[in-house]
file data13.cif (mmCIF, C-alpha atoms)
data_upload
#
loop_
_atom_site.label_atom_id
_atom_site.label_comp_id
_atom_site.auth_asym_id
_atom_site.auth_seq_id
_atom_site.Cartn_x
_atom_site.Cartn_y
_atom_site.Cartn_z
CA MET O 18 -56.18 -102.31 69.49
CA GLN O 19 -54.18 -102.15 66.28
CA HIS O 20 -51.76 -99.53 65.08
CA HIS O 21 -49.97 -99.13 61.76
CA GLU O 22 -46.87 -97.05 61.07
CA SER O 23 -44.86 -96.30 57.95
CA SER O 24 -41.57 -94.48 57.79
CA PRO O 25 -41.57 -91.18 55.91
CA PRO O 26 -40.22 -91.47 52.38
CA VAL O 27 -36.55 -90.72 51.90
CA HIS O 28 -35.62 -89.18 48.58
CA SER O 29 -31.77 -89.28 48.69
CA PRO O 30 -31.51 -93.05 47.94
CA ALA O 31 -33.46 -92.57 44.71
CA ARG O 32 -31.21 -89.66 43.77
CA ASP O 33 -28.04 -91.70 44.44
CA ALA O 34 -29.42 -94.63 42.42
CA ARG O 35 -30.28 -92.29 39.55
CA ARG O 36 -26.79 -90.75 39.51
CA VAL O 37 -24.93 -94.05 39.36
CA THR O 38 -27.30 -95.32 36.66
CA VAL O 39 -26.78 -92.18 34.52
CA LEU O 40 -23.03 -92.73 34.89
CA ALA O 41 -23.54 -96.33 33.72
CA ILE O 42 -25.37 -95.05 30.62
CA TRP O 43 -22.41 -92.86 29.68
CA VAL O 44 -19.86 -95.61 30.28
CA ASP O 45 -21.88 -98.21 28.34
CA GLY O 46 -22.35 -95.82 25.43
CA ILE O 47 -18.65 -94.88 25.16
CA VAL O 48 -17.40 -98.45 25.70
CA GLY O 49 -19.88 -99.91 23.22
CA LEU O 50 -18.93 -97.37 20.54
CA ALA O 51 -15.19 -97.97 21.05
CA LYS O 52 -15.59 -101.76 20.76
CA LEU O 53 -17.83 -101.53 17.71
CA VAL O 54 -15.62 -99.12 15.77
CA THR O 55 -12.41 -100.98 16.66
CA GLY O 56 -13.96 -104.35 15.84
CA ILE O 57 -15.00 -103.13 12.39
CA ILE O 58 -11.56 -101.62 11.70
CA VAL O 59 -9.57 -104.73 12.67
CA GLY O 60 -12.15 -107.20 11.36
CA SER O 61 -12.87 -108.84 14.72
CA ALA O 62 -16.39 -110.31 14.83
CA ALA O 63 -15.98 -111.04 18.55
CA LEU O 64 -15.20 -107.41 19.36
CA VAL O 65 -18.11 -106.21 17.23
CA ALA O 66 -20.45 -108.61 19.04
CA ASP O 67 -19.11 -107.43 22.40
CA GLY O 68 -19.76 -103.84 21.36
CA ILE O 69 -23.36 -104.73 20.55
CA HIS O 70 -23.55 -106.42 23.97
CA SER O 71 -22.39 -103.18 25.60
CA PHE O 72 -25.04 -101.21 23.69
CA SER O 73 -27.65 -103.67 24.95
CA ASP O 74 -26.67 -102.58 28.45
CA LEU O 75 -28.08 -99.16 27.60
CA VAL O 76 -31.53 -100.72 27.38
CA THR O 77 -31.28 -102.24 30.85
CA ASP O 78 -29.77 -99.03 32.23
CA GLY O 79 -32.82 -97.15 30.97
CA PHE O 80 -35.05 -99.79 32.50
CA VAL O 81 -33.28 -99.45 35.85
CA LEU O 82 -33.57 -95.66 35.66
CA ALA O 83 -37.32 -95.87 35.09
CA ALA O 84 -37.84 -98.53 37.75
CA THR O 85 -35.83 -96.55 40.31
CA HIS O 86 -37.88 -93.44 39.59
CA TYR O 87 -41.30 -95.07 39.82
CA GLY O 88 -40.30 -97.51 42.56
CA SER O 89 -39.25 -94.71 44.92
CA GLN O 90 -42.47 -92.73 44.61
CA ASP O 91 -44.50 -92.07 47.73
CA PRO O 92 -47.42 -94.36 48.66
CA ASP O 93 -50.68 -93.37 47.01
CA HIS O 94 -54.33 -94.44 47.03
CA ASP O 95 -53.74 -97.43 44.77
CA HIS O 96 -50.38 -98.39 46.33
CA PRO O 97 -50.62 -97.72 50.09
CA TYR O 98 -47.42 -99.73 50.74
CA GLY O 99 -45.41 -97.78 48.16
CA HIS O 100 -44.07 -98.86 44.78
CA GLY O 101 -41.09 -100.96 45.88
CA ARG O 102 -42.30 -104.05 44.04
CA ILE O 103 -41.55 -102.25 40.76
CA GLU O 104 -37.88 -102.70 41.65
CA THR O 105 -38.51 -106.36 42.40
CA LEU O 106 -40.10 -106.92 38.99
CA ALA O 107 -37.22 -105.08 37.33
CA THR O 108 -34.74 -107.30 39.18
CA LEU O 109 -36.56 -110.35 37.83
CA PHE O 110 -36.20 -108.91 34.35
CA LEU O 111 -32.48 -108.23 34.78
CA GLY O 112 -31.90 -111.71 36.20
CA SER O 113 -33.54 -113.12 33.08
CA VAL O 114 -31.33 -110.91 30.89
CA LEU O 115 -28.21 -112.19 32.66
CA ILE O 116 -29.22 -115.80 32.00
CA PHE O 117 -29.88 -114.93 28.35
CA VAL O 118 -26.49 -113.19 28.08
CA ALA O 119 -24.79 -116.21 29.66
CA GLY O 120 -26.33 -118.55 27.13
CA ALA O 121 -25.49 -116.22 24.25
CA ILE O 122 -21.83 -115.98 25.28
CA ALA O 123 -21.41 -119.74 25.49
CA TRP O 124 -23.47 -120.50 22.35
CA SER O 125 -21.71 -118.01 20.08
CA SER O 126 -18.31 -119.29 21.18
CA VAL O 127 -19.25 -122.91 20.52
CA GLU O 128 -20.59 -121.92 17.08
CA ARG O 129 -17.28 -120.26 16.21
CA LEU O 130 -15.42 -123.39 17.31
CA ILE O 131 -17.67 -125.70 15.25
CA ALA O 132 -17.48 -123.46 12.19
CA ALA O 133 -13.67 -123.37 12.52
CA ALA O 134 -13.81 -119.88 11.06
CA GLU O 135 -10.44 -118.28 10.46
CA ILE O 136 -10.08 -115.07 12.45
CA PRO O 137 -7.48 -112.48 11.36
CA GLN O 138 -4.90 -111.33 13.88
CA PRO O 139 -6.45 -108.33 15.70
CA GLY O 140 -3.26 -106.54 16.66
CA LEU O 141 -2.24 -104.66 19.81
CA TRP O 142 -4.70 -101.79 19.28
CA ALA O 143 -7.77 -104.04 19.50
CA MET O 144 -6.46 -105.76 22.62
CA LEU O 145 -5.79 -102.39 24.26
CA VAL O 146 -9.35 -101.21 23.56
CA ALA O 147 -10.73 -104.43 25.03
CA LEU O 148 -8.54 -104.06 28.13
CA LEU O 149 -9.55 -100.42 28.73
CA SER O 150 -13.21 -101.35 28.25
CA LEU O 151 -12.81 -104.18 30.75
CA LEU O 152 -11.25 -101.88 33.35
CA ALA O 153 -13.94 -99.21 32.86
CA LYS O 154 -16.80 -101.71 33.30
CA GLU O 155 -15.07 -103.32 36.32
CA ALA O 156 -14.80 -99.88 37.98
CA LEU O 157 -18.48 -99.27 37.18
CA PHE O 158 -19.35 -102.65 38.73
CA HIS O 159 -17.66 -101.81 42.03
CA LEU O 160 -19.16 -98.31 42.17
CA THR O 161 -22.69 -99.54 41.43
CA MET O 162 -22.37 -102.43 43.88
CA ARG O 163 -21.20 -100.08 46.64
CA VAL O 164 -24.23 -97.83 46.11
CA ALA O 165 -26.53 -100.88 45.87
CA ARG O 166 -25.34 -102.26 49.20
CA ARG O 167 -25.61 -98.90 50.91
CA LEU O 168 -29.18 -98.45 49.66
CA ARG O 169 -30.02 -102.18 50.02
CA SER O 170 -31.29 -102.11 46.43
CA LYS O 171 -31.57 -105.49 44.73
CA LEU O 172 -32.27 -103.69 41.44
CA LEU O 173 -28.98 -101.76 41.48
CA GLU O 174 -27.20 -104.92 42.57
CA ALA O 175 -28.65 -106.70 39.55
CA ASN O 176 -27.48 -103.91 37.27
CA ALA O 177 -24.02 -104.04 38.84
CA TRP O 178 -23.82 -107.74 38.01
CA HIS O 179 -24.96 -106.91 34.50
CA SER O 180 -21.91 -104.66 34.26
CA ARG O 181 -19.79 -107.50 35.62
CA SER O 182 -21.21 -109.78 32.91
CA ASP O 183 -19.89 -107.29 30.35
CA VAL O 184 -16.52 -107.38 32.11
CA LEU O 185 -16.48 -111.15 31.88
CA SER O 186 -17.60 -111.22 28.26
CA THR O 187 -14.95 -108.62 27.38
CA GLY O 188 -12.45 -110.81 29.23
CA VAL O 189 -13.51 -113.69 27.03
CA VAL O 190 -13.01 -111.52 23.95
CA LEU O 191 -9.63 -110.37 25.24
CA VAL O 192 -8.54 -113.97 25.79
CA GLY O 193 -9.80 -114.78 22.33
CA LEU O 194 -7.92 -111.81 20.84
CA VAL O 195 -4.69 -112.81 22.56
CA GLY O 196 -5.21 -116.46 21.65
CA THR O 197 -5.95 -115.53 18.04
CA GLN O 198 -2.86 -113.35 17.96
CA LEU O 199 -0.82 -116.35 19.16
CA GLY O 200 -2.69 -118.87 17.01
CA HIS O 201 -4.76 -120.49 19.81
CA GLY O 202 -8.35 -119.53 19.04
CA TRP O 203 -9.76 -122.47 21.02
CA LEU O 204 -9.02 -120.61 24.29
CA ASP O 205 -11.91 -118.30 23.45
CA THR O 206 -14.45 -121.12 23.57
CA ILE O 207 -13.27 -122.59 26.88
CA ALA O 208 -13.23 -119.19 28.58
CA ALA O 209 -16.65 -118.32 27.14
CA VAL O 210 -18.29 -121.46 28.50
CA ILE O 211 -16.84 -120.86 31.99
CA VAL O 212 -17.93 -117.21 31.96
CA GLY O 213 -21.36 -118.18 30.69
CA LEU O 214 -21.84 -120.52 33.65
CA LEU O 215 -20.75 -117.84 36.13
CA VAL O 216 -23.04 -115.19 34.64
CA GLY O 217 -25.92 -117.67 34.52
CA LYS O 218 -25.41 -118.47 38.22
CA VAL O 219 -25.68 -114.77 39.10
CA GLY O 220 -28.84 -114.41 37.01
CA TRP O 221 -30.42 -117.44 38.66
CA ASP O 222 -29.62 -116.11 42.15
CA LEU O 223 -31.31 -112.80 41.31
CA LEU O 224 -34.38 -114.59 39.91
CA TRP O 225 -34.59 -116.78 43.00
CA GLU O 226 -34.30 -113.92 45.51
CA SER O 227 -36.76 -111.70 43.66
CA GLY O 228 -39.23 -114.57 43.28
CA ARG O 229 -39.08 -115.25 47.03
CA GLU O 230 -39.77 -111.57 47.67
CA LEU O 231 -42.78 -111.54 45.35
CA VAL O 232 -44.39 -114.43 47.23
CA ASP O 233 -43.82 -112.64 50.58
CA THR O 234 -41.16 -114.99 51.93
CA ALA O 235 -40.41 -114.24 55.60
CA LEU O 236 -37.08 -113.14 57.03
CA PRO O 237 -34.80 -115.87 58.40
CA VAL O 238 -35.97 -117.37 61.71
CA SER O 239 -32.93 -115.95 63.52
CA GLN O 240 -33.92 -112.38 62.58
CA GLN O 241 -37.53 -112.96 63.56
CA GLU O 242 -36.42 -114.26 66.97
CA ALA O 243 -34.17 -111.22 67.40
CA MET O 244 -37.18 -108.97 66.69
CA ARG O 245 -39.24 -110.91 69.21
CA GLU O 246 -36.56 -110.43 71.90
CA VAL O 247 -36.45 -106.67 71.30
CA ALA O 248 -40.23 -106.46 71.76
CA LEU O 249 -40.24 -108.66 74.88
CA ASN O 250 -37.64 -106.42 76.56
CA VAL O 251 -40.02 -103.41 76.53
CA PRO O 252 -41.48 -102.77 80.02
CA GLY O 253 -45.14 -103.74 80.15
CA VAL O 254 -44.93 -106.37 77.39
CA ALA O 255 -46.18 -109.71 78.71
CA GLY O 256 -45.81 -111.62 75.45
CA VAL O 257 -45.44 -111.46 71.67
CA HIS O 258 -47.13 -113.71 69.11
CA ASP O 259 -48.26 -113.81 65.46
CA LEU O 260 -45.02 -112.08 64.39
CA ARG O 261 -44.94 -111.99 60.59
CA THR O 262 -42.41 -110.45 58.21
CA ARG O 263 -42.08 -109.86 54.49
CA GLN O 264 -39.76 -107.86 52.22
CA SER O 265 -40.09 -105.41 49.38
CA ALA O 266 -37.22 -103.79 47.45
CA GLY O 267 -34.75 -104.20 50.32
CA HIS O 268 -37.22 -103.00 52.95
CA THR O 269 -38.84 -105.08 55.70
CA MET O 270 -42.50 -105.09 56.76
CA LEU O 271 -43.53 -106.45 60.16
CA ASP O 272 -46.82 -107.37 61.83
CA LEU O 273 -46.97 -108.55 65.45
CA HIS O 274 -49.34 -108.94 68.41
CA VAL O 275 -48.17 -107.48 71.74
CA VAL O 276 -49.70 -108.84 74.96
CA VAL O 277 -50.13 -106.35 77.84
CA SER O 278 -51.91 -106.40 81.18
CA PRO O 279 -55.71 -106.49 80.74
CA ARG O 280 -56.28 -103.90 83.48
CA ILE O 281 -54.26 -100.99 82.13
CA SER O 282 -55.78 -98.11 80.17
CA VAL O 283 -56.14 -98.13 76.42
CA SER O 284 -53.69 -95.21 76.13
CA GLU O 285 -51.05 -96.99 78.25
CA GLY O 286 -51.33 -100.12 76.13
CA HIS O 287 -51.02 -98.04 72.98
CA GLU O 288 -47.92 -96.27 74.28
CA ILE O 289 -46.32 -99.62 75.12
CA GLY O 290 -46.93 -100.61 71.50
CA ASN O 291 -45.36 -97.35 70.32
CA GLU O 292 -42.25 -98.07 72.38
CA VAL O 293 -42.04 -101.56 70.87
CA SER O 294 -42.18 -99.93 67.43
CA ARG O 295 -39.47 -97.39 68.33
CA ARG O 296 -37.04 -100.00 69.62
CA LEU O 297 -37.60 -102.31 66.66
CA ARG O 298 -36.92 -99.49 64.20
CA GLN O 299 -33.70 -98.58 66.03
CA ALA O 300 -32.51 -102.20 66.06
CA PHE O 301 -33.52 -102.97 62.46
CA PRO O 302 -32.99 -99.96 60.12
CA ALA O 303 -34.45 -101.83 57.13
CA LEU O 304 -37.82 -101.93 58.91
CA THR O 305 -40.01 -99.37 57.11
CA ASP O 306 -43.55 -100.58 57.74
CA LEU O 307 -44.77 -101.88 61.11
CA THR O 308 -48.22 -102.84 62.37
CA PHE O 309 -48.77 -103.81 66.00
CA HIS O 310 -51.91 -105.18 67.63
CA ILE O 311 -52.39 -104.85 71.40
CA ASP O 312 -53.85 -107.93 73.12
CA PRO O 313 -55.10 -108.07 76.75
CA GLU O 314 -54.31 -111.79 76.89
CA ASP O 315 -52.22 -114.30 75.00
CA ASP O 316 -54.51 -115.81 72.35
CA ALA O 317 -51.72 -117.30 70.22
CA GLY O 318 -52.89 -120.24 68.14
CA GLU O 319 -56.58 -119.51 68.62
CA GLY O 320 -57.08 -118.10 65.13
CA ASP O 321 -58.49 -114.81 63.97
CA PRO O 322 -61.00 -113.60 66.64
CA SER O 323 -63.05 -111.85 63.95
CA ARG O 324 -63.91 -115.27 62.49
CA LEU O 325 -65.27 -116.53 65.83
CA PRO O 326 -68.56 -115.65 67.58
CA GLY O 327 -68.08 -112.39 69.45
CA LEU O 328 -69.06 -111.24 72.94
CA PRO O 329 -71.73 -108.54 73.41
CA LEU O 330 -70.54 -104.95 73.35
CA ARG O 331 -71.34 -102.33 76.01
CA PRO O 332 -74.85 -101.32 74.81
CA GLU O 333 -76.07 -104.93 74.90
CA VAL O 334 -74.29 -105.63 78.20
CA GLU O 335 -75.81 -102.57 79.86
CA ARG O 336 -79.32 -103.45 78.62
CA ALA O 337 -79.03 -107.00 79.96
CA LEU O 338 -77.64 -105.88 83.34
CA THR O 339 -80.22 -103.11 83.68
CA GLN O 340 -83.00 -105.67 83.30
CA ARG O 341 -81.49 -107.83 86.07
CA TRP O 342 -80.08 -105.22 88.47
CA SER O 343 -82.51 -102.30 88.35
CA ASP O 344 -84.57 -103.65 91.29
CA LEU O 345 -81.57 -104.34 93.53
CA PRO O 346 -80.55 -101.94 96.35
CA ALA O 347 -77.13 -101.48 94.77
CA TRP O 348 -78.50 -100.13 91.48
CA PRO O 349 -78.90 -96.49 92.54
CA GLU O 350 -75.40 -96.59 94.05
CA LEU O 351 -73.62 -97.65 90.86
CA ARG O 352 -71.61 -94.80 89.35
CA ASP O 353 -70.00 -96.66 86.45
CA LEU O 354 -69.37 -100.08 84.92
CA GLU O 355 -66.02 -101.26 83.60
CA LEU O 356 -66.02 -104.22 81.21
CA HIS O 357 -63.10 -106.62 80.76
CA TYR O 358 -63.27 -109.17 77.95
CA LEU O 359 -61.08 -112.02 79.18
CA GLU O 360 -60.98 -115.78 78.56
CA GLY O 361 -64.08 -115.66 76.38
CA ARG O 362 -66.34 -114.00 78.93
CA VAL O 363 -67.12 -110.54 80.36
CA THR O 364 -65.95 -109.49 83.80
CA VAL O 365 -67.92 -106.52 85.19
CA VAL O 366 -66.31 -104.03 87.57
CA ALA O 367 -69.11 -102.20 89.41
CA CYS O 368 -67.94 -98.81 90.66
CA LEU O 369 -69.44 -97.53 93.93
CA ASP O 370 -68.94 -94.24 95.72
CA GLU O 371 -66.10 -94.32 98.22
CA HIS O 372 -68.53 -93.58 101.08
CA SER O 373 -71.33 -95.93 99.97
CA PRO O 374 -72.71 -97.89 102.98
CA LEU O 375 -73.06 -101.06 100.88
CA ASP O 376 -70.80 -103.98 101.74
CA SER O 377 -68.58 -104.75 98.76
CA ARG O 378 -68.53 -108.56 99.04
CA GLN O 379 -72.26 -108.89 99.71
CA THR O 380 -73.08 -106.50 96.89
CA ALA O 381 -70.89 -108.44 94.45
CA ARG O 382 -72.58 -111.74 95.39
CA ARG O 383 -76.06 -110.29 94.85
CA LEU O 384 -75.14 -108.76 91.49
CA GLU O 385 -73.54 -112.01 90.34
CA ALA O 386 -76.55 -114.07 91.38
CA ALA O 387 -78.92 -111.78 89.46
CA ALA O 388 -76.81 -112.09 86.24
CA ALA O 389 -75.92 -115.77 86.53
CA ASP O 390 -78.23 -116.74 83.64
CA LEU O 391 -76.14 -114.77 81.09
CA ASP O 392 -73.85 -117.19 79.25
CA TRP O 393 -71.25 -114.51 78.52
CA PHE O 394 -71.12 -113.24 82.12
CA SER O 395 -68.07 -114.12 84.28
CA HIS O 396 -68.22 -112.38 87.66
CA VAL O 397 -68.50 -109.00 89.41
CA GLU O 398 -65.77 -107.00 91.11
CA ILE O 399 -66.44 -103.92 93.25
CA ARG O 400 -64.30 -100.80 93.03
CA ARG O 401 -64.67 -97.71 95.22
CA LEU O 402 -64.42 -94.32 93.56
CA ALA O 403 -63.45 -91.09 95.28
CA PRO O 404 -66.11 -88.38 95.14
CA ALA O 405 -65.95 -86.25 92.02
CA ARG O 406 -64.44 -82.79 92.57
#

call {"tool": "encode", "arguments": {"input": "data13.cif", "output": "structure tokens"}}
result
Amino acid sequence: MQHHESSPPVHSPARDARRVTVLAIWVDGIVGLAKLVTGIIVGSAALVADGIHSFSDLVTDGFVLAATHYGSQDPDHDHPYGHGRIETLATLFLGSVLIFVAGAIAWSSVERLIAAAEIPQPGLWAMLVALLSLLAKEALFHLTMRVARRLRSKLLEANAWHSRSDVLSTGVVLVGLVGTQLGHGWLDTIAAVIVGLLVGKVGWDLLWESGRELVDTALPVSQQEAMREVALNVPGVAGVHDLRTRQSAGHTMLDLHVVVSPRISVSEGHEIGNEVSRRLRQAFPALTDLTFHIDPEDDAGEGDPSRLPGLPLRPEVERALTQRWSDLPAWPELRDLELHYLEGRVTVVACLDEHSPLDSRQTARRLEAAAADLDWFSHVEIRRLAPAR
């Protein structure tokens, strides 16, 4: 018995992500324009380049806005697990952009050093614009990161680090402006190389994490064991195996097999599985998609049963038993047959009326002897039923 559950879509995270991204668009636009205009006025190529860098952030902001919108859409026919992987792909893109930005920062600084180009003194006004831009982007970084962590969004986290890369590059420019003002332009190159390495490290981490998510990397073993313990503590659970996890856009998906007693009803086994699902969701809020399979025995390590030869189902079992039992004295007394598929064979529970004169043990022996030639047959048990009311 297998059951699949998905949490209902929540729309507020997408709205929060959209708001902080729209704010980032405004900040990037204003900061980029201020740097560009000031750089042109004072003749600072570094400040002009940093302004262009800020304008490039508008492109990634728009990308994040689109990815957040489409990634938060409800599951549909073509995407039954939702659209969360759109965010993952966007995070890969932003990680790549960060690495590119890191290389560009370091390369342009080295080129300026090699060219030994003379840079005019920028003045206090240019340094003030760079400082205000740095503070604005640093505030945007912290705000975006706070929202990203609350929503567990790798995409927003990537965009926050993109804002931090602009902070660092502006810091490089500010150091260069101050150094140029004091006659020490070489400070710009050293700072740029250090910043480039830091930004590149962030970009690589984002690429690595997103790549692991795309290839369905499991949660850490410690978290999987914690999930297993939660399931095992549910009354009626005899075992848990084939527990598998994967992630998508900050959400966790879980598949597991739950072992219950083979003699309980189907509905009881299903409700035990539902309780396992409830407790796991309470213990692990990031769990949004859960599939449980109810097993009557622990078949861990035996492979997928659907790939193995199967046992006969009820119609075939009843035909075979009718051929062998129809001439026995117990046949007219049988009110029902219960079938239990255990240990690769079929156990038959023959139900007799509570007041039947037949001896239970003798009847079971006769029924077993008559069906002994069936290779799938295990044994017979007798159960007495109260008269129907």

call {"tool": "atom_distance", "arguments": {"input": "data13.cif", "atom1": "atom CA of O:Ala119", "atom2": "atom CA of O:Leu214"}}
result
6.6 Å

call {"tool": "residues_around", "arguments": {"input": "data13.cif", "residues": "stretch 274-276 of chain O", "least_positions_apart": "2", "cutoff": "12 Å", "atoms": "only C-alpha atoms", "output": "JSON, numbers by chain"}}
result
{"O": [18, 19, 20, 21, 245, 246, 247, 248, 249, 250, 251, 252, 253, 254, 255, 256, 257, 258, 259, 260, 261, 271, 272, 278, 279, 280, 281, 286, 287, 288, 289, 290, 291, 292, 293, 294, 307, 308, 309, 310, 311, 312, 313, 314, 315, 316, 317, 318, 321]}

call {"tool": "resolve_selection", "arguments": {"input": "data13.cif", "expression": "the PyMOL selection byres ((chain O and resi 374-383) around 10)", "output": "list in words"}}
result
Trp342, Leu345, Pro346, Ala347, Trp348, Glu350, Val365, Val366, Ala367, Leu369, Asp370, Glu371, His372, Ser373, Leu384, Glu385, Ala386, Ala387, Ala388, Ala389, His396, Val397, Glu398, Ile399, Arg400 and Arg401 of chain O

call {"tool": "atom_distance", "arguments": {"input": "data13.cif", "atom1": "atom CA of O:Val190", "atom2": "atom CA of O:Thr108"}}
result
26.9 Å

call {"tool": "atom_distance", "arguments": {"input": "data13.cif", "atom1": "atom CA of O:Pro237", "atom2": "atom CA of O:Ile116"}}
result
27.0 Å

call {"tool": "closest_residue", "arguments": {"input": "data13.cif", "among": "O:Asp78, O:Asp183, O:Glu155, O:Glu174", "to": "O:Val118", "atoms": "only C-alpha atoms"}}
result
O:Asp183

call {"tool": "closest_residue", "arguments": {"input": "data13.cif", "among": "O:Ala175, O:Ala147, O:Ala51, O:Val44", "to": "O:Gly188", "atoms": "only C-alpha atoms"}}
result
O:Ala147

call {"tool": "resolve_selection", "arguments": {"input": "data13.cif", "expression": "the PyMOL selection byres ((chain O and resi 329-332) around 10)", "output": "list in words"}}
result
Pro326, Gly327, Leu328, Glu333, Val334, Glu335, Arg336, Ala337, Leu354, Glu355, Leu356, Tyr358, Arg362, Val363, Trp393 and Phe394 of chain O

call {"tool": "closest_residue", "arguments": {"input": "data13.cif", "among": "O:Val192, O:Val184, O:Ile47, O:Leu141", "to": "O:Ala156", "atoms": "only C-alpha atoms"}}
result
O:Val184

call {"tool": "residues_around", "arguments": {"input": "data13.cif", "residues": "O:Leu157", "least_positions_apart": "4", "cutoff": "7 Å", "atoms": "all atoms listed in the file", "output": "list of chain:residue names"}}
result
O:Ala41, O:Ala153, O:Thr161

call {"tool": "closest_residue", "arguments": {"input": "data13.cif", "among": "O:Ser186, O:Gln241, O:Arg295, O:Leu53", "to": "O:Ser125", "atoms": "all atoms listed in the file"}}
result
O:Ser186

call {"tool": "closest_residue", "arguments": {"input": "data13.cif", "among": "O:Leu304, O:Met144, O:His159, O:Trp221", "to": "O:Gln240", "atoms": "all atoms listed in the file"}}
result
O:Leu304

call {"tool": "closest_residue", "arguments": {"input": "data13.cif", "among": "O:Leu173, O:Leu351, O:Met244, O:Leu338", "to": "O:Ala300", "atoms": "only C-alpha atoms"}}
result
O:Met244

call {"tool": "resolve_selection", "arguments": {"input": "data13.cif", "expression": "the PyMOL selection byres ((chain O and resi 179) around 9)", "output": "NGL selection string"}}
result
:O and (74 or 77 or 111-112 or 114-115 or 158 or 174-178 or 180-184 or 216 or 220)

call {"tool": "axis_aligned_box", "arguments": {"input": "data13.cif", "around": "stretch 364-376 of chain O", "padding_each_side": "8 Å", "output": "AutoDock Vina command-line options"}}
result
--center_x -69.5 --center_y -101.5 --center_z 93.4 --size_x 23.1 --size_y 31.9 --size_z 35.2

call {"tool": "decode", "arguments": {"input": "data13.cif", "residues": "stretch 324-340 of chain O", "atoms": "N, CA and C atoms", "output": "PDB file, in the first residue's frame"}}
result
ATOM      1  N   ARG O 324       9.773  -6.315  -9.746  1.00  0.00           N
ATOM      2  CA  ARG O 324      10.709  -6.901 -10.703  1.00  0.00           C
ATOM      3  C   ARG O 324      10.886  -8.402 -10.487  1.00  0.00           C
ATOM      4  N   LEU O 325      10.248  -8.942  -9.459  1.00  0.00           N
ATOM      5  CA  LEU O 325      10.367 -10.360  -9.133  1.00  0.00           C
ATOM      6  C   LEU O 325       9.085 -11.088  -9.507  1.00  0.00           C
ATOM      7  N   PRO O 326       9.134 -12.408  -9.697  1.00  0.00           N
ATOM      8  CA  PRO O 326       7.898 -13.164  -9.970  1.00  0.00           C
ATOM      9  C   PRO O 326       6.908 -12.971  -8.828  1.00  0.00           C
ATOM     10  N   GLY O 327       5.644 -12.727  -9.178  1.00  0.00           N
ATOM     11  CA  GLY O 327       4.644 -12.455  -8.157  1.00  0.00           C
ATOM     12  C   GLY O 327       3.867 -13.694  -7.753  1.00  0.00           C
ATOM     13  N   LEU O 328       3.159 -13.588  -6.628  1.00  0.00           N
ATOM     14  CA  LEU O 328       2.262 -14.652  -6.162  1.00  0.00           C
ATOM     15  C   LEU O 328       0.893 -14.477  -6.802  1.00  0.00           C
ATOM     16  N   PRO O 329       0.108 -15.548  -6.891  1.00  0.00           N
ATOM     17  CA  PRO O 329      -1.230 -15.438  -7.495  1.00  0.00           C
ATOM     18  C   PRO O 329      -2.143 -14.552  -6.668  1.00  0.00           C
ATOM     19  N   LEU O 330      -2.999 -13.790  -7.351  1.00  0.00           N
ATOM     20  CA  LEU O 330      -3.970 -12.961  -6.658  1.00  0.00           C
ATOM     21  C   LEU O 330      -5.226 -13.774  -6.354  1.00  0.00           C
ATOM     22  N   ARG O 331      -6.178 -13.147  -5.656  1.00  0.00           N
ATOM     23  CA  ARG O 331      -7.346 -13.865  -5.134  1.00  0.00           C
ATOM     24  C   ARG O 331      -8.108 -14.678  -6.184  1.00  0.00           C
ATOM     25  N   PRO O 332      -8.403 -14.158  -7.367  1.00  0.00           N
ATOM     26  CA  PRO O 332      -9.170 -14.987  -8.324  1.00  0.00           C
ATOM     27  C   PRO O 332      -8.485 -16.315  -8.635  1.00  0.00           C
ATOM     28  N   GLU O 333      -7.163 -16.278  -8.849  1.00  0.00           N
ATOM     29  CA  GLU O 333      -6.436 -17.511  -9.154  1.00  0.00           C
ATOM     30  C   GLU O 333      -6.363 -18.424  -7.939  1.00  0.00           C
ATOM     31  N   VAL O 334      -6.159 -17.830  -6.755  1.00  0.00           N
ATOM     32  CA  VAL O 334      -6.112 -18.630  -5.524  1.00  0.00           C
ATOM     33  C   VAL O 334      -7.440 -19.334  -5.298  1.00  0.00           C
ATOM     34  N   GLU O 335      -8.539 -18.611  -5.441  1.00  0.00           N
ATOM     35  CA  GLU O 335      -9.856 -19.209  -5.197  1.00  0.00           C
ATOM     36  C   GLU O 335     -10.165 -20.311  -6.207  1.00  0.00           C
ATOM     37  N   ARG O 336      -9.757 -20.119  -7.483  1.00  0.00           N
ATOM     38  CA  ARG O 336      -9.993 -21.180  -8.471  1.00  0.00           C
ATOM     39  C   ARG O 336      -9.220 -22.444  -8.108  1.00  0.00           C
ATOM     40  N   ALA O 337      -7.942 -22.269  -7.715  1.00  0.00           N
ATOM     41  CA  ALA O 337      -7.121 -23.430  -7.371  1.00  0.00           C
ATOM     42  C   ALA O 337      -7.655 -24.145  -6.132  1.00  0.00           C
ATOM     43  N   LEU O 338      -8.078 -23.394  -5.118  1.00  0.00           N
ATOM     44  CA  LEU O 338      -8.583 -24.009  -3.886  1.00  0.00           C
ATOM     45  C   LEU O 338      -9.955 -24.641  -4.102  1.00  0.00           C
ATOM     46  N   THR O 339     -10.767 -24.037  -4.963  1.00  0.00           N
ATOM     47  CA  THR O 339     -12.077 -24.632  -5.257  1.00  0.00           C
ATOM     48  C   THR O 339     -11.913 -26.012  -5.887  1.00  0.00           C
ATOM     49  N   GLN O 340     -10.954 -26.117  -6.808  1.00  0.00           N
ATOM     50  CA  GLN O 340     -10.707 -27.418  -7.450  1.00  0.00           C
ATOM     51  C   GLN O 340     -10.296 -28.488  -6.428  1.00  0.00           C
TER      52      GLN O 340
END
